[in-house]
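Below: the structure, in structure tokens.
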Protein chains: 2
Amino acid sequence: MFIQIEPQSDVPIYEQVTRQIMEGIARGEMKPGDTLPSVRNLAADLGVNMHTVNKSYHELEEKGIITIRAKSGAIIRSTEERALTPEQLRQIEKNLKPVVVEGMVLGATVEQIEHMMKKVFSDLQIPAEGV
Amino acid sequence: MFIQIEPQSDVPIYEQVTRQIMEGIARGEMKPGDTLPSVRNLAADLGVNMHTVNKSYHELEEKGIITIRAKSGAIIRSTEERALTPEQLRQIEKNLKPVVVEGMVLGATVEQIEHMMKKVFSDLQIPAEGV
DNA sequence: TATTTGTTATATTAGCTATATAACAATTTT
DNA sequence: AAAATTGTTATATAGCTAATATAACAAATA
């Protein structure tokens with residue numbers, strides 16, 4: 001699998017897993033309807049505990065990104081199913097705020113932050129076929 | 001002071017202090033050259049421990065936002081002193097990435113995120129005189 | 001039927017957050 | 001010069017989170 005864990009990071013392992021699965025979805029490497037590997041399999045692949053992966057999956061479910069079918073598996077929800085609620089928009093803005101504020105205080109311009117934002121976006125864009 | 005602590009938040013107190021001081025600087029309520037209150041005074045104001053505020057100040061120093069003069073006080077650095085190093089740009093981008101990725105996966109467009117970013121920016125802009 | 005699945009429970013270790021006290025030495029104020 | 005204030009350092013404690021380890025359960029799947 002495409003997930004790489006950094007044990008020394010200040011970002012918790014379960015959070016690293018969550019983020020990299022989201023990246024995989026954003027990149028189009030994983031599509032809606034796809035099933036995630038079982039918590040035991042992924043945990044074994046990554047060399048981490050089952051519960052750590054389980055926590056990550058439940059975090060993804062809370063965010064509305066996957067659906068966990070008890071005793072069966074986890075499926076990536078379609079973009080139609082997850083319709084970007086006002087609550088989710090508020091959450092994104094809440095996450096965005098401290099990052100933008102820090103950027104401002106350090107002297108970054110709106111254009112610089114905008115540029116970084118678009119760079120992140122395009123870097124994750126679904127690559128053209130055969131690339 | 002303008003800082004409001006939410007004890008129930010999942011954001012650590014020292015991090016709340018750091019963020020709200022950054023907001024104060026972004027808003028122009030605190031200007032370069034200004035001294036921050038002593039760790040003991042601010043801690044008393046907020047009803048938290050001295051070490052909690054001290055941790056926040058050191059976090060701000062690590063970010064390059066203030067200078068701590070040992071046994072004297074903490075001063076807000078000027079924008080000229082902190083020249084937005086490549087390292088800082090990388091840090092901002094690193095902070096920005098997971099937020100943008102989550103927004104993407106939830107179905108937000110570049111325009112939506114851009115709009116939120118600019119909203120945060122303008123909300124913190126230095127208000128016109130006498131407003 | 002046997003295997004795999006997420007779930008639940010218990011226990012342990014490690015690290016972080018936050019508080020509490022206390023003392024030190026340099027700076028600043030009186 | 002004396003007193004007060006300052007950040008620093010040290011020790012200790014309590015609570016919480018992260019992560020691991022085992023184990024058993026019941027439903028789903030092969």
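Chain lettering (A, B, ...) mirrors the order of the structure tokens, residue numbering begins at 1 for each chain separately, and ligand numbering begins at 1 in order of display.
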
Hand me chain B as it sits after a least-squares fit onto chain A over every Cα, paired in order, written as an mmCIF file with N, CA and C atoms, in the first residue's frame.
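Listed below is the output, result29.cif:
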data_model
loop_
_atom_site.group_PDB
_atom_site.id
_atom_site.type_symbol
_atom_site.label_atom_id
_atom_site.label_comp_id
_atom_site.auth_asym_id
_atom_site.auth_seq_id
_atom_site.Cartn_x
_atom_site.Cartn_y
_atom_site.Cartn_z
ATOM 1 N N MET B 1 0.635 -1.286 -0.014
ATOM 2 C CA MET B 1 -0.146 -0.044 -0.012
ATOM 3 C C MET B 1 0.748 1.184 -0.036
ATOM 4 N N PHE B 2 0.127 2.336 -0.216
ATOM 5 C CA PHE B 2 0.876 3.571 -0.471
ATOM 6 C C PHE B 2 1.176 4.360 0.799
ATOM 7 N N ILE B 3 0.801 3.800 1.949
ATOM 8 C CA ILE B 3 0.956 4.561 3.187
ATOM 9 C C ILE B 3 2.339 4.381 3.799
ATOM 10 N N GLN B 4 2.928 5.495 4.166
ATOM 11 C CA GLN B 4 4.254 5.479 4.783
ATOM 12 C C GLN B 4 4.180 6.131 6.164
ATOM 13 N N ILE B 5 4.487 5.361 7.212
ATOM 14 C CA ILE B 5 4.397 5.879 8.578
ATOM 15 C C ILE B 5 5.752 6.420 9.041
ATOM 16 N N GLU B 6 5.706 7.597 9.650
ATOM 17 C CA GLU B 6 6.911 8.152 10.279
ATOM 18 C C GLU B 6 6.732 8.077 11.794
ATOM 19 N N PRO B 7 7.384 7.087 12.430
ATOM 20 C CA PRO B 7 7.157 6.865 13.861
ATOM 21 C C PRO B 7 7.634 8.044 14.724
ATOM 22 N N GLN B 8 8.615 8.793 14.217
ATOM 23 C CA GLN B 8 9.177 9.898 14.999
ATOM 24 C C GLN B 8 8.356 11.170 14.915
ATOM 25 N N SER B 9 7.385 11.178 14.000
ATOM 26 C CA SER B 9 6.614 12.398 13.763
ATOM 27 C C SER B 9 5.824 12.821 14.993
ATOM 28 N N ASP B 10 5.550 14.113 15.063
ATOM 29 C CA ASP B 10 4.689 14.625 16.130
ATOM 30 C C ASP B 10 3.220 14.412 15.780
ATOM 31 N N VAL B 11 2.983 14.000 14.548
ATOM 32 C CA VAL B 11 1.619 13.645 14.145
ATOM 33 C C VAL B 11 1.361 12.188 14.537
ATOM 34 N N PRO B 12 0.310 11.945 15.335
ATOM 35 C CA PRO B 12 0.011 10.577 15.766
ATOM 36 C C PRO B 12 -0.135 9.631 14.581
ATOM 37 N N ILE B 13 0.195 8.367 14.789
ATOM 38 C CA ILE B 13 0.143 7.382 13.709
ATOM 39 C C ILE B 13 -1.263 7.291 13.109
ATOM 40 N N TYR B 14 -2.267 7.238 13.969
ATOM 41 C CA TYR B 14 -3.637 7.095 13.446
ATOM 42 C C TYR B 14 -4.014 8.289 12.574
ATOM 43 N N GLU B 15 -3.440 9.457 12.923
ATOM 44 C CA GLU B 15 -3.712 10.656 12.139
ATOM 45 C C GLU B 15 -2.956 10.609 10.806
ATOM 46 N N GLN B 16 -1.752 10.058 10.828
ATOM 47 C CA GLN B 16 -1.000 9.881 9.588
ATOM 48 C C GLN B 16 -1.740 8.960 8.637
ATOM 49 N N VAL B 17 -2.305 7.900 9.185
ATOM 50 C CA VAL B 17 -3.060 6.958 8.364
ATOM 51 C C VAL B 17 -4.278 7.652 7.759
ATOM 52 N N THR B 18 -5.010 8.381 8.608
ATOM 53 C CA THR B 18 -6.189 9.106 8.132
ATOM 54 C C THR B 18 -5.833 10.050 6.991
ATOM 55 N N ARG B 19 -4.792 10.817 7.177
ATOM 56 C CA ARG B 19 -4.414 11.813 6.172
ATOM 57 C C ARG B 19 -3.998 11.162 4.858
ATOM 58 N N GLN B 20 -3.241 10.074 4.957
ATOM 59 C CA GLN B 20 -2.725 9.472 3.734
ATOM 60 C C GLN B 20 -3.811 8.720 2.973
ATOM 61 N N ILE B 21 -4.817 8.239 3.707
ATOM 62 C CA ILE B 21 -5.956 7.649 3.002
ATOM 63 C C ILE B 21 -6.722 8.752 2.270
ATOM 64 N N MET B 22 -6.863 9.894 2.939
ATOM 65 C CA MET B 22 -7.534 11.028 2.290
ATOM 66 C C MET B 22 -6.755 11.463 1.054
ATOM 67 N N GLU B 23 -5.450 11.471 1.166
ATOM 68 C CA GLU B 23 -4.623 11.826 0.008
ATOM 69 C C GLU B 23 -4.838 10.840 -1.134
ATOM 70 N N GLY B 24 -4.895 9.562 -0.780
ATOM 71 C CA GLY B 24 -5.122 8.535 -1.795
ATOM 72 C C GLY B 24 -6.442 8.739 -2.521
ATOM 73 N N ILE B 25 -7.466 9.140 -1.756
ATOM 74 C CA ILE B 25 -8.766 9.400 -2.368
ATOM 75 C C ILE B 25 -8.691 10.648 -3.245
ATOM 76 N N ALA B 26 -8.028 11.673 -2.719
ATOM 77 C CA ALA B 26 -7.906 12.923 -3.487
ATOM 78 C C ALA B 26 -7.168 12.678 -4.794
ATOM 79 N N ARG B 27 -6.164 11.840 -4.741
ATOM 80 C CA ARG B 27 -5.367 11.531 -5.932
ATOM 81 C C ARG B 27 -6.131 10.652 -6.921
ATOM 82 N N GLY B 28 -7.206 10.035 -6.447
ATOM 83 C CA GLY B 28 -7.963 9.159 -7.320
ATOM 84 C C GLY B 28 -7.429 7.739 -7.310
ATOM 85 N N GLU B 29 -6.463 7.491 -6.436
ATOM 86 C CA GLU B 29 -5.931 6.132 -6.328
ATOM 87 C C GLU B 29 -6.960 5.201 -5.706
ATOM 88 N N MET B 30 -7.865 5.804 -4.949
ATOM 89 C CA MET B 30 -8.958 5.035 -4.386
ATOM 90 C C MET B 30 -10.246 5.747 -4.740
ATOM 91 N N LYS B 31 -11.194 4.985 -5.256
ATOM 92 C CA LYS B 31 -12.430 5.609 -5.734
ATOM 93 C C LYS B 31 -13.613 5.239 -4.851
ATOM 94 N N PRO B 32 -14.633 6.077 -4.874
ATOM 95 C CA PRO B 32 -15.865 5.773 -4.148
ATOM 96 C C PRO B 32 -16.364 4.373 -4.495
ATOM 97 N N GLY B 33 -16.804 3.654 -3.515
ATOM 98 C CA GLY B 33 -17.257 2.284 -3.720
ATOM 99 C C GLY B 33 -16.173 1.278 -3.379
ATOM 100 N N ASP B 34 -14.920 1.697 -3.492
ATOM 101 C CA ASP B 34 -13.817 0.808 -3.129
ATOM 102 C C ASP B 34 -13.860 0.483 -1.642
ATOM 103 N N THR B 35 -13.424 -0.743 -1.332
ATOM 104 C CA THR B 35 -13.338 -1.107 0.083
ATOM 105 C C THR B 35 -11.917 -0.888 0.586
ATOM 106 N N LEU B 36 -11.813 -0.402 1.788
ATOM 107 C CA LEU B 36 -10.498 -0.280 2.416
ATOM 108 C C LEU B 36 -10.076 -1.666 2.888
ATOM 109 N N PRO B 37 -8.757 -1.876 3.016
ATOM 110 C CA PRO B 37 -8.312 -3.157 3.573
ATOM 111 C C PRO B 37 -8.824 -3.332 5.005
ATOM 112 N N SER B 38 -8.932 -4.564 5.438
ATOM 113 C CA SER B 38 -9.384 -4.788 6.808
ATOM 114 C C SER B 38 -8.383 -4.181 7.785
ATOM 115 N N VAL B 39 -8.870 -3.784 8.930
ATOM 116 C CA VAL B 39 -7.999 -3.134 9.914
ATOM 117 C C VAL B 39 -6.823 -4.034 10.274
ATOM 118 N N ARG B 40 -7.062 -5.329 10.300
ATOM 119 C CA ARG B 40 -5.967 -6.244 10.646
ATOM 120 C C ARG B 40 -4.932 -6.307 9.533
ATOM 121 N N ASN B 41 -5.392 -6.367 8.295
ATOM 122 C CA ASN B 41 -4.455 -6.431 7.176
ATOM 123 C C ASN B 41 -3.609 -5.171 7.050
ATOM 124 N N LEU B 42 -4.283 -4.028 7.096
ATOM 125 C CA LEU B 42 -3.539 -2.774 6.957
ATOM 126 C C LEU B 42 -2.563 -2.600 8.111
ATOM 127 N N ALA B 43 -3.028 -2.962 9.319
ATOM 128 C CA ALA B 43 -2.152 -2.846 10.478
ATOM 129 C C ALA B 43 -0.904 -3.708 10.303
ATOM 130 N N ALA B 44 -1.096 -4.916 9.781
ATOM 131 C CA ALA B 44 0.040 -5.815 9.550
ATOM 132 C C ALA B 44 0.985 -5.227 8.507
ATOM 133 N N ASP B 45 0.396 -4.665 7.441
ATOM 134 C CA ASP B 45 1.192 -4.027 6.398
ATOM 135 C C ASP B 45 2.050 -2.904 6.949
ATOM 136 N N LEU B 46 1.442 -2.086 7.788
ATOM 137 C CA LEU B 46 2.137 -0.897 8.289
ATOM 138 C C LEU B 46 3.007 -1.214 9.500
ATOM 139 N N GLY B 47 2.810 -2.398 10.057
ATOM 140 C CA GLY B 47 3.570 -2.744 11.255
ATOM 141 C C GLY B 47 3.088 -2.026 12.488
ATOM 142 N N VAL B 48 1.792 -1.728 12.523
ATOM 143 C CA VAL B 48 1.226 -1.067 13.701
ATOM 144 C C VAL B 48 0.080 -1.903 14.250
ATOM 145 N N ASN B 49 -0.438 -1.449 15.357
ATOM 146 C CA ASN B 49 -1.499 -2.207 16.012
ATOM 147 C C ASN B 49 -2.855 -2.053 15.309
ATOM 148 N N MET B 50 -3.644 -3.087 15.443
ATOM 149 C CA MET B 50 -4.977 -3.098 14.841
ATOM 150 C C MET B 50 -5.814 -1.903 15.294
ATOM 151 N N HIS B 51 -5.746 -1.600 16.579
ATOM 152 C CA HIS B 51 -6.578 -0.530 17.127
ATOM 153 C C HIS B 51 -6.205 0.841 16.593
ATOM 154 N N THR B 52 -4.950 0.981 16.223
ATOM 155 C CA THR B 52 -4.495 2.257 15.667
ATOM 156 C C THR B 52 -5.176 2.513 14.328
ATOM 157 N N VAL B 53 -5.224 1.476 13.482
ATOM 158 C CA VAL B 53 -5.897 1.602 12.193
ATOM 159 C C VAL B 53 -7.396 1.767 12.396
ATOM 160 N N ASN B 54 -7.924 1.002 13.357
ATOM 161 C CA ASN B 54 -9.356 1.099 13.638
ATOM 162 C C ASN B 54 -9.751 2.517 14.032
ATOM 163 N N LYS B 55 -8.907 3.157 14.831
ATOM 164 C CA LYS B 55 -9.174 4.535 15.251
ATOM 165 C C LYS B 55 -9.204 5.469 14.048
ATOM 166 N N SER B 56 -8.270 5.219 13.130
ATOM 167 C CA SER B 56 -8.210 6.026 11.917
ATOM 168 C C SER B 56 -9.476 5.872 11.077
ATOM 169 N N TYR B 57 -9.920 4.641 10.924
ATOM 170 C CA TYR B 57 -11.134 4.386 10.141
ATOM 171 C C TYR B 57 -12.338 5.105 10.746
ATOM 172 N N HIS B 58 -12.422 5.073 12.062
ATOM 173 C CA HIS B 58 -13.549 5.731 12.704
ATOM 174 C C HIS B 58 -13.466 7.245 12.584
ATOM 175 N N GLU B 59 -12.246 7.739 12.520
ATOM 176 C CA GLU B 59 -12.068 9.168 12.291
ATOM 177 C C GLU B 59 -12.573 9.527 10.891
ATOM 178 N N LEU B 60 -12.241 8.676 9.930
ATOM 179 C CA LEU B 60 -12.693 8.901 8.552
ATOM 180 C C LEU B 60 -14.218 8.809 8.457
ATOM 181 N N GLU B 61 -14.795 7.925 9.260
ATOM 182 C CA GLU B 61 -16.249 7.800 9.255
ATOM 183 C C GLU B 61 -16.903 9.050 9.847
ATOM 184 N N GLU B 62 -16.295 9.565 10.921
ATOM 185 C CA GLU B 62 -16.800 10.787 11.549
ATOM 186 C C GLU B 62 -16.770 11.959 10.577
ATOM 187 N N LYS B 63 -15.737 11.987 9.750
ATOM 188 C CA LYS B 63 -15.613 13.066 8.774
ATOM 189 C C LYS B 63 -16.580 12.881 7.615
ATOM 190 N N GLY B 64 -17.206 11.712 7.555
ATOM 191 C CA GLY B 64 -18.169 11.457 6.487
ATOM 192 C C GLY B 64 -17.534 10.963 5.215
ATOM 193 N N ILE B 65 -16.319 10.430 5.307
ATOM 194 C CA ILE B 65 -15.582 10.028 4.108
ATOM 195 C C ILE B 65 -15.775 8.554 3.778
ATOM 196 N N ILE B 66 -15.918 7.728 4.805
ATOM 197 C CA ILE B 66 -16.170 6.311 4.561
ATOM 198 C C ILE B 66 -17.375 5.842 5.375
ATOM 199 N N THR B 67 -17.848 4.659 5.031
ATOM 200 C CA THR B 67 -18.895 4.017 5.814
ATOM 201 C C THR B 67 -18.351 2.692 6.324
ATOM 202 N N ILE B 68 -18.467 2.469 7.614
ATOM 203 C CA ILE B 68 -18.013 1.209 8.190
ATOM 204 C C ILE B 68 -19.215 0.280 8.360
ATOM 205 N N ARG B 69 -19.159 -0.849 7.681
ATOM 206 C CA ARG B 69 -20.200 -1.852 7.872
ATOM 207 C C ARG B 69 -19.716 -2.826 8.934
ATOM 208 N N ALA B 70 -20.419 -2.867 10.040
ATOM 209 C CA ALA B 70 -19.960 -3.673 11.170
ATOM 210 C C ALA B 70 -19.686 -5.121 10.759
ATOM 211 N N LYS B 71 -18.550 -5.609 11.147
ATOM 212 C CA LYS B 71 -18.132 -6.992 10.883
ATOM 213 C C LYS B 71 -18.078 -7.358 9.402
ATOM 214 N N SER B 72 -17.896 -6.332 8.577
ATOM 215 C CA SER B 72 -17.801 -6.633 7.149
ATOM 216 C C SER B 72 -16.642 -5.881 6.500
ATOM 217 N N GLY B 73 -16.686 -4.539 6.581
ATOM 218 C CA GLY B 73 -15.600 -3.777 5.966
ATOM 219 C C GLY B 73 -15.916 -2.300 5.900
ATOM 220 N N ALA B 74 -15.032 -1.551 5.285
ATOM 221 C CA ALA B 74 -15.195 -0.104 5.169
ATOM 222 C C ALA B 74 -15.204 0.302 3.705
ATOM 223 N N ILE B 75 -16.185 1.108 3.326
ATOM 224 C CA ILE B 75 -16.326 1.541 1.932
ATOM 225 C C ILE B 75 -16.187 3.049 1.816
ATOM 226 N N ILE B 76 -15.527 3.488 0.767
ATOM 227 C CA ILE B 76 -15.406 4.915 0.498
ATOM 228 C C ILE B 76 -16.725 5.431 -0.056
ATOM 229 N N ARG B 77 -17.238 6.449 0.595
ATOM 230 C CA ARG B 77 -18.526 7.002 0.164
ATOM 231 C C ARG B 77 -18.367 7.784 -1.137
ATOM 232 N N SER B 78 -19.426 7.839 -1.894
ATOM 233 C CA SER B 78 -19.401 8.601 -3.142
ATOM 234 C C SER B 78 -19.530 10.095 -2.844
ATOM 235 N N THR B 79 -19.083 10.891 -3.771
ATOM 236 C CA THR B 79 -19.160 12.344 -3.585
ATOM 237 C C THR B 79 -20.604 12.801 -3.521
ATOM 238 N N GLU B 80 -21.491 12.001 -4.121
ATOM 239 C CA GLU B 80 -22.905 12.375 -4.079
ATOM 240 C C GLU B 80 -23.459 12.147 -2.669
ATOM 241 N N GLU B 81 -23.035 11.034 -2.069
ATOM 242 C CA GLU B 81 -23.518 10.721 -0.723
ATOM 243 C C GLU B 81 -23.094 11.784 0.289
ATOM 244 N N ARG B 82 -21.844 12.219 0.135
ATOM 245 C CA ARG B 82 -21.334 13.238 1.068
ATOM 246 C C ARG B 82 -21.412 14.608 0.393
ATOM 247 N N ALA B 83 -22.470 15.350 0.699
ATOM 248 C CA ALA B 83 -22.816 16.539 -0.068
ATOM 249 C C ALA B 83 -22.257 17.838 0.497
ATOM 250 N N LEU B 84 -21.167 17.748 1.232
ATOM 251 C CA LEU B 84 -20.544 18.962 1.787
ATOM 252 C C LEU B 84 -21.540 19.802 2.564
ATOM 253 N N THR B 85 -21.862 19.346 3.749
ATOM 254 C CA THR B 85 -22.827 20.036 4.597
ATOM 255 C C THR B 85 -22.241 21.352 5.126
ATOM 256 N N PRO B 86 -23.109 22.243 5.547
ATOM 257 C CA PRO B 86 -22.655 23.502 6.159
ATOM 258 C C PRO B 86 -21.739 23.228 7.352
ATOM 259 N N GLU B 87 -22.063 22.178 8.069
ATOM 260 C CA GLU B 87 -21.236 21.774 9.210
ATOM 261 C C GLU B 87 -19.818 21.445 8.759
ATOM 262 N N GLN B 88 -19.697 20.724 7.643
ATOM 263 C CA GLN B 88 -18.375 20.374 7.123
ATOM 264 C C GLN B 88 -17.627 21.610 6.639
ATOM 265 N N LEU B 89 -18.350 22.514 5.997
ATOM 266 C CA LEU B 89 -17.724 23.767 5.552
ATOM 267 C C LEU B 89 -17.180 24.545 6.743
ATOM 268 N N ARG B 90 -17.977 24.569 7.792
ATOM 269 C CA ARG B 90 -17.545 25.270 9.010
ATOM 270 C C ARG B 90 -16.280 24.618 9.579
ATOM 271 N N GLN B 91 -16.251 23.280 9.506
ATOM 272 C CA GLN B 91 -15.103 22.549 10.029
ATOM 273 C C GLN B 91 -13.827 22.873 9.235
ATOM 274 N N ILE B 92 -13.975 22.910 7.916
ATOM 275 C CA ILE B 92 -12.831 23.234 7.066
ATOM 276 C C ILE B 92 -12.319 24.634 7.387
ATOM 277 N N GLU B 93 -13.257 25.559 7.528
ATOM 278 C CA GLU B 93 -12.870 26.935 7.837
ATOM 279 C C GLU B 93 -12.180 27.008 9.197
ATOM 280 N N LYS B 94 -12.684 26.210 10.116
ATOM 281 C CA LYS B 94 -12.101 26.176 11.460
ATOM 282 C C LYS B 94 -10.670 25.640 11.417
ATOM 283 N N ASN B 95 -10.456 24.652 10.554
ATOM 284 C CA ASN B 95 -9.114 24.089 10.403
ATOM 285 C C ASN B 95 -8.189 25.060 9.673
ATOM 286 N N LEU B 96 -8.781 25.794 8.756
ATOM 287 C CA LEU B 96 -8.002 26.696 7.906
ATOM 288 C C LEU B 96 -7.501 27.912 8.684
ATOM 289 N N LYS B 97 -8.340 28.371 9.595
ATOM 290 C CA LYS B 97 -8.065 29.644 10.267
ATOM 291 C C LYS B 97 -6.677 29.760 10.906
ATOM 292 N N PRO B 98 -6.304 28.846 11.808
ATOM 293 C CA PRO B 98 -5.003 29.020 12.477
ATOM 294 C C PRO B 98 -3.835 28.983 11.496
ATOM 295 N N VAL B 99 -3.971 28.215 10.433
ATOM 296 C CA VAL B 99 -2.891 28.135 9.446
ATOM 297 C C VAL B 99 -2.729 29.467 8.726
ATOM 298 N N VAL B 100 -3.856 30.024 8.319
ATOM 299 C CA VAL B 100 -3.818 31.307 7.614
ATOM 300 C C VAL B 100 -3.333 32.416 8.535
ATOM 301 N N VAL B 101 -3.810 32.399 9.761
ATOM 302 C CA VAL B 101 -3.396 33.427 10.722
ATOM 303 C C VAL B 101 -1.882 33.387 10.923
ATOM 304 N N GLU B 102 -1.359 32.202 11.096
ATOM 305 C CA GLU B 102 0.097 32.092 11.289
ATOM 306 C C GLU B 102 0.843 32.603 10.064
ATOM 307 N N GLY B 103 0.341 32.261 8.900
ATOM 308 C CA GLY B 103 0.949 32.764 7.670
ATOM 309 C C GLY B 103 0.937 34.271 7.613
ATOM 310 N N MET B 104 -0.203 34.859 7.967
ATOM 311 C CA MET B 104 -0.328 36.320 7.959
ATOM 312 C C MET B 104 0.686 36.966 8.879
ATOM 313 N N VAL B 105 0.734 36.444 10.113
ATOM 314 C CA VAL B 105 1.598 37.051 11.121
ATOM 315 C C VAL B 105 3.070 36.943 10.703
ATOM 316 N N LEU B 106 3.381 35.862 10.023
ATOM 317 C CA LEU B 106 4.771 35.692 9.574
ATOM 318 C C LEU B 106 5.067 36.558 8.361
ATOM 319 N N GLY B 107 4.044 37.197 7.834
ATOM 320 C CA GLY B 107 4.289 38.151 6.755
ATOM 321 C C GLY B 107 3.918 37.651 5.375
ATOM 322 N N ALA B 108 3.249 36.521 5.306
ATOM 323 C CA ALA B 108 2.842 36.004 4.001
ATOM 324 C C ALA B 108 1.664 36.809 3.456
ATOM 325 N N THR B 109 1.649 36.994 2.157
ATOM 326 C CA THR B 109 0.550 37.719 1.533
ATOM 327 C C THR B 109 -0.570 36.748 1.167
ATOM 328 N N VAL B 110 -1.747 37.323 0.854
ATOM 329 C CA VAL B 110 -2.868 36.489 0.422
ATOM 330 C C VAL B 110 -2.452 35.682 -0.798
ATOM 331 N N GLU B 111 -1.707 36.322 -1.670
ATOM 332 C CA GLU B 111 -1.295 35.671 -2.916
ATOM 333 C C GLU B 111 -0.375 34.480 -2.626
ATOM 334 N N GLN B 112 0.523 34.651 -1.697
ATOM 335 C CA GLN B 112 1.446 33.552 -1.362
ATOM 336 C C GLN B 112 0.698 32.344 -0.832
ATOM 337 N N ILE B 113 -0.214 32.601 0.091
ATOM 338 C CA ILE B 113 -0.986 31.496 0.671
ATOM 339 C C ILE B 113 -1.882 30.863 -0.387
ATOM 340 N N GLU B 114 -2.466 31.733 -1.222
ATOM 341 C CA GLU B 114 -3.310 31.233 -2.308
ATOM 342 C C GLU B 114 -2.502 30.328 -3.230
ATOM 343 N N HIS B 115 -1.286 30.751 -3.500
ATOM 344 C CA HIS B 115 -0.411 29.966 -4.380
ATOM 345 C C HIS B 115 -0.100 28.599 -3.780
ATOM 346 N N MET B 116 0.192 28.591 -2.487
ATOM 347 C CA MET B 116 0.497 27.325 -1.808
ATOM 348 C C MET B 116 -0.712 26.407 -1.824
ATOM 349 N N MET B 117 -1.870 27.018 -1.609
ATOM 350 C CA MET B 117 -3.118 26.245 -1.584
ATOM 351 C C MET B 117 -3.354 25.575 -2.929
ATOM 352 N N LYS B 118 -3.159 26.330 -3.994
ATOM 353 C CA LYS B 118 -3.389 25.789 -5.331
ATOM 354 C C LYS B 118 -2.336 24.754 -5.706
ATOM 355 N N LYS B 119 -1.142 24.933 -5.150
ATOM 356 C CA LYS B 119 -0.077 23.967 -5.399
ATOM 357 C C LYS B 119 -0.433 22.620 -4.785
ATOM 358 N N VAL B 120 -0.907 22.665 -3.540
ATOM 359 C CA VAL B 120 -1.361 21.432 -2.890
ATOM 360 C C VAL B 120 -2.455 20.786 -3.711
ATOM 361 N N PHE B 121 -3.346 21.623 -4.184
ATOM 362 C CA PHE B 121 -4.474 21.141 -4.978
ATOM 363 C C PHE B 121 -4.010 20.440 -6.247
ATOM 364 N N SER B 122 -3.164 21.120 -7.010
ATOM 365 C CA SER B 122 -2.762 20.567 -8.312
ATOM 366 C C SER B 122 -1.849 19.360 -8.148
ATOM 367 N N ASP B 123 -1.058 19.359 -7.079
ATOM 368 C CA ASP B 123 -0.176 18.203 -6.833
ATOM 369 C C ASP B 123 -0.980 16.932 -6.612
ATOM 370 N N LEU B 124 -2.211 17.097 -6.095
ATOM 371 C CA LEU B 124 -3.025 15.921 -5.774
ATOM 372 C C LEU B 124 -4.050 15.619 -6.842
ATOM 373 N N GLN B 125 -4.117 16.496 -7.822
ATOM 374 C CA GLN B 125 -5.125 16.300 -8.871
ATOM 375 C C GLN B 125 -4.939 14.951 -9.537
ATOM 376 N N ILE B 126 -6.042 14.392 -9.997
ATOM 377 C CA ILE B 126 -5.990 13.107 -10.694
ATOM 378 C C ILE B 126 -5.132 13.248 -11.948
ATOM 379 N N PRO B 127 -4.040 12.479 -12.029
ATOM 380 C CA PRO B 127 -3.153 12.594 -13.182
ATOM 381 C C PRO B 127 -3.863 12.118 -14.439
ATOM 382 N N ALA B 128 -3.457 12.652 -15.574
ATOM 383 C CA ALA B 128 -4.036 12.232 -16.853
ATOM 384 C C ALA B 128 -3.726 10.762 -17.094
ATOM 385 N N GLU B 129 -4.580 10.108 -17.842
ATOM 386 C CA GLU B 129 -4.432 8.661 -18.088
ATOM 387 C C GLU B 129 -3.059 8.344 -18.672
ATOM 388 N N GLY B 130 -2.494 7.289 -18.213
ATOM 389 C CA GLY B 130 -1.220 6.840 -18.757
ATOM 390 C C GLY B 130 -0.024 7.654 -18.293
ATOM 391 N N VAL B 131 -0.186 8.431 -17.239
ATOM 392 C CA VAL B 131 0.955 9.204 -16.728
ATOM 393 C C VAL B 131 1.458 8.599 -15.426
#

For this session: From the DSSP assignment of the backbone, select every residue of chain A that is strand (DSSP E), and format the answer as a VMD selection string.
Result: chain A and resid 35 to 36 66 to 69 73 to 76

For this session: Would you please give, as a ChimeraX atom specification, all residues of region 52-112 of chain A that DSSP assigns to helix (DSSP H, G or I) based on the backbone?
Result: /A:52-62,86-105,110-112

Pull C-alpha atoms from the residues just selected and write them as a compact mmCIF listing (two decimals), in the first residue's frame.
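Saved as selection-v3.txt:
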# COMPACT_ATOMS: atom_id res chain seq x y z
CA THR A 52 -4.55 2.24 15.69
CA VAL A 53 -5.91 1.59 12.21
CA ASN A 54 -9.37 1.05 13.64
CA LYS A 55 -9.23 4.49 15.24
CA SER A 56 -8.26 6.01 11.93
CA TYR A 57 -11.16 4.34 10.13
CA HIS A 58 -13.61 5.66 12.68
CA GLU A 59 -12.15 9.11 12.29
CA LEU A 60 -12.75 8.86 8.55
CA GLU A 61 -16.30 7.73 9.23
CA GLU A 62 -16.88 10.71 11.53
CA PRO A 86 -22.66 23.54 6.29
CA GLU A 87 -21.22 21.83 9.33
CA GLN A 88 -18.38 20.41 7.25
CA LEU A 89 -17.73 23.80 5.67
CA ARG A 90 -17.53 25.32 9.12
CA GLN A 91 -15.08 22.61 10.14
CA ILE A 92 -12.84 23.27 7.16
CA GLU A 93 -12.85 26.98 7.91
CA LYS A 94 -12.06 26.25 11.53
CA ASN A 95 -9.09 24.14 10.47
CA LEU A 96 -7.99 26.73 7.95
CA LYS A 97 -7.99 29.70 10.30
CA PRO A 98 -4.91 29.06 12.47
CA VAL A 99 -2.85 28.10 9.43
CA VAL A 100 -3.76 31.30 7.58
CA VAL A 101 -3.25 33.42 10.68
CA GLU A 102 0.24 32.02 11.19
CA GLY A 103 1.02 32.66 7.57
CA MET A 104 -0.17 36.26 7.87
CA VAL A 105 1.83 36.95 11.00
CA VAL A 110 -2.81 36.45 0.36
CA GLU A 111 -1.30 35.63 -3.00
CA GLN A 112 1.44 33.49 -1.48

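The gap separating C1' of DA4 (chain D) from C1' of DT19 (chain C) is 24.8 Å, in Å to one decimal.
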
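With only C-alpha atoms (C1' of nucleotides) as the basis for measurement, D:DA21 is the residue among D:DA21, D:DA27, D:DA12, D:DA1 that approaches DT13 (chain C) most closely.
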